[in-house]
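**Student:** Input query.cif, format and content: mmCIF, C-alpha atoms.
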```cif
data_coords
#
loop_
_atom_site.label_atom_id
_atom_site.label_comp_id
_atom_site.auth_asym_id
_atom_site.auth_seq_id
_atom_site.Cartn_x
_atom_site.Cartn_y
_atom_site.Cartn_z
CA MET O 1 9.53 -9.57 24.51
CA ASN O 2 8.36 -12.77 26.16
CA PRO O 3 4.55 -13.33 26.09
CA SER O 4 4.46 -14.02 29.84
CA ILE O 5 6.20 -10.70 30.53
CA CYS O 6 3.67 -8.92 28.31
CA ARG O 7 0.77 -10.58 30.15
CA THR O 8 2.26 -9.58 33.49
CA LEU O 9 2.71 -5.98 32.36
CA SER O 10 -0.85 -6.00 31.02
CA THR O 11 -2.19 -7.16 34.37
CA ILE O 12 -0.14 -4.59 36.28
CA CYS O 13 -1.31 -1.75 34.03
CA PHE O 14 -4.94 -2.85 34.30
CA GLN O 15 -4.80 -3.02 38.09
CA ALA O 16 -3.03 0.35 38.26
CA GLY O 17 -5.75 1.87 36.06
CA ILE O 18 -8.52 0.61 38.32
CA ILE O 19 -6.62 1.78 41.41
CA SER O 20 -6.20 5.19 39.76
CA ILE O 21 -9.97 5.52 39.36
CA VAL O 22 -10.67 4.49 42.95
CA LEU O 23 -7.88 6.67 44.33
CA SER O 24 -9.11 9.66 42.34
CA ILE O 25 -12.60 9.35 43.83
CA TRP O 26 -11.18 8.77 47.30
CA ILE O 27 -8.94 11.86 47.11
CA TRP O 28 -11.79 14.02 45.86
CA TRP O 29 -14.20 12.72 48.51
CA PHE O 30 -12.00 12.54 51.62
CA LEU O 31 -9.41 15.28 51.14
CA ASN O 32 -12.09 17.93 50.78
CA GLY O 33 -11.37 20.59 53.37
CA ASP O 34 -13.47 23.31 54.89
CA ASP O 35 -12.17 26.27 52.91
CA ALA O 36 -12.33 26.85 49.16
CA GLU O 37 -8.58 26.44 48.66
CA GLN O 38 -8.53 22.93 50.15
CA LYS O 39 -11.59 21.90 48.13
CA ALA O 40 -10.01 23.19 44.92
CA HIS O 41 -6.75 21.36 45.67
CA ALA O 42 -8.57 18.08 46.38
CA GLU O 43 -10.54 18.44 43.16
CA ARG O 44 -7.50 19.20 41.00
CA PHE O 45 -5.42 16.45 42.61
CA GLY O 46 -8.25 13.93 42.14
CA ILE O 47 -8.55 14.89 38.48
CA PHE O 48 -4.77 14.58 38.02
CA ILE O 49 -4.76 11.06 39.48
CA GLY O 50 -7.85 10.11 37.47
CA LEU O 51 -6.28 11.22 34.20
CA TRP O 52 -3.81 8.34 34.41
CA ALA O 53 -6.57 5.70 34.26
CA PRO O 54 -7.21 5.81 30.49
CA THR O 55 -3.49 5.73 29.74
CA LEU O 56 -2.92 2.72 31.97
CA LEU O 57 -5.94 0.86 30.59
CA ILE O 58 -4.81 1.50 27.00
CA LEU O 59 -1.31 0.26 27.87
CA SER O 60 -2.87 -2.85 29.39
CA ASN O 61 -4.77 -3.51 26.18
CA ARG O 62 -1.67 -2.96 24.02
CA PHE O 63 0.49 -5.29 26.14
CA ASP O 64 -2.25 -7.93 25.95
CA ARG O 65 -2.43 -7.66 22.16
CA TYR O 66 1.35 -7.70 21.89
CA ALA O 67 1.48 -10.86 24.02
CA ASP O 68 -0.74 -12.62 21.48
CA LYS O 69 1.72 -11.78 18.69
CA ALA O 70 4.97 -12.09 20.67
CA LYS O 71 7.31 -15.00 20.20
CA PRO O 72 9.34 -16.36 23.09
CA LEU O 73 12.94 -15.27 23.15
CA PRO O 74 15.41 -18.13 22.66
CA GLY O 75 17.28 -17.44 25.89
CA LEU O 76 14.10 -17.28 27.97
CA MET O 77 12.49 -20.55 26.86
CA ASP O 78 11.96 -23.29 29.40
CA GLN O 79 14.59 -25.91 28.72
CA SER O 80 14.73 -28.91 30.92
CA PRO O 81 17.96 -30.98 31.12
CA GLU O 82 16.32 -33.84 29.14
CA GLN O 83 15.91 -31.61 26.06
CA GLU O 84 19.61 -30.70 25.82
#
```
Take the structure from the file and write it as structure tokens.

**Tutor:**
Amino acid sequence: MNPSICRTLSTICFQAGIISIVLSIWIWWFLNGDDAEQKAHAERFGIFIGLWAPTLLILSNRFDRYADKAKPLPGLMDQSPEQE
């Protein structure tokens, strides 16, 4: 895989992990209803969304490490007309 693709995927996964944390707190805080069933649903849904954060942050780290080791693919290298 191309290092620039790995860096892009790393950035996307990191941002999605942070958004997952914020969204989890937002769902828990603002979707709380008046009755016990709505509160329980908001709590469970917030936890479900929040559980994705560690996975996405780990993926971000792995893509970043892989980008350091990755070699550019021959077909994806920048080749200007002067080099040919």

**Student:** Which residues match the PyMOL selection byres ((chain O and resi 1-17) around 10) in the file above, as number ranges by chain?

**Tutor:** O: 18-23, 49-74, 76-77

**Student:** Quick one: write out the picked residues with C-alpha atoms as a short mmCIF file (atom, residue, chain, number, x, y, z; two decimals), in the frame of the given file?

**Tutor:**
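Final output, saved to again-v2.cif:
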```cif
data_model
loop_
_atom_site.label_atom_id
_atom_site.label_comp_id
_atom_site.auth_asym_id
_atom_site.auth_seq_id
_atom_site.Cartn_x
_atom_site.Cartn_y
_atom_site.Cartn_z
CA ILE O 18 -8.52 0.61 38.32
CA ILE O 19 -6.62 1.78 41.41
CA SER O 20 -6.20 5.19 39.76
CA ILE O 21 -9.97 5.52 39.36
CA VAL O 22 -10.67 4.49 42.95
CA LEU O 23 -7.88 6.67 44.33
CA ILE O 49 -4.76 11.06 39.48
CA GLY O 50 -7.85 10.11 37.47
CA LEU O 51 -6.28 11.22 34.20
CA TRP O 52 -3.81 8.34 34.41
CA ALA O 53 -6.57 5.70 34.26
CA PRO O 54 -7.21 5.81 30.49
CA THR O 55 -3.49 5.73 29.74
CA LEU O 56 -2.92 2.72 31.97
CA LEU O 57 -5.94 0.86 30.59
CA ILE O 58 -4.81 1.50 27.00
CA LEU O 59 -1.31 0.26 27.87
CA SER O 60 -2.87 -2.85 29.39
CA ASN O 61 -4.77 -3.51 26.18
CA ARG O 62 -1.67 -2.96 24.02
CA PHE O 63 0.49 -5.29 26.14
CA ASP O 64 -2.25 -7.93 25.95
CA ARG O 65 -2.43 -7.66 22.16
CA TYR O 66 1.35 -7.70 21.89
CA ALA O 67 1.48 -10.86 24.02
CA ASP O 68 -0.74 -12.62 21.48
CA LYS O 69 1.72 -11.78 18.69
CA ALA O 70 4.97 -12.09 20.67
CA LYS O 71 7.31 -15.00 20.20
CA PRO O 72 9.34 -16.36 23.09
CA LEU O 73 12.94 -15.27 23.15
CA PRO O 74 15.41 -18.13 22.66
CA LEU O 76 14.10 -17.28 27.97
CA MET O 77 12.49 -20.55 26.86
#
```

**Student:** By how many Å are CA of Ile27 in chain O and CA of Phe45 in chain O apart?

**Tutor:**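 One can read the CA of Ile27 in chain O to CA of Phe45 in chain O distance as 7.3 Å.
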
**Student:** Using all atoms listed in the file, determine which residues lie at most 10 Å from Leu31 in chain O, disregarding the query and same-chain residues fewer than 6 positions distant; provide the list as a VMD selection string.

**Tutor:** chain O and resid 25 38 to 39 41 to 43 45 to 46

**Student:** With C-alpha atoms retained, could you export that selection as a CSV table (one decimal), in the coordinates of the input?

**Tutor:**
```csv
chain,number,residue,atom,x,y,z
O,25,ILE,CA,-12.6,9.4,43.8
O,38,GLN,CA,-8.5,22.9,50.2
O,39,LYS,CA,-11.6,21.9,48.1
O,41,HIS,CA,-6.8,21.4,45.7
O,42,ALA,CA,-8.6,18.1,46.4
O,43,GLU,CA,-10.5,18.4,43.2
O,45,PHE,CA,-5.4,16.4,42.6
O,46,GLY,CA,-8.2,13.9,42.1
```
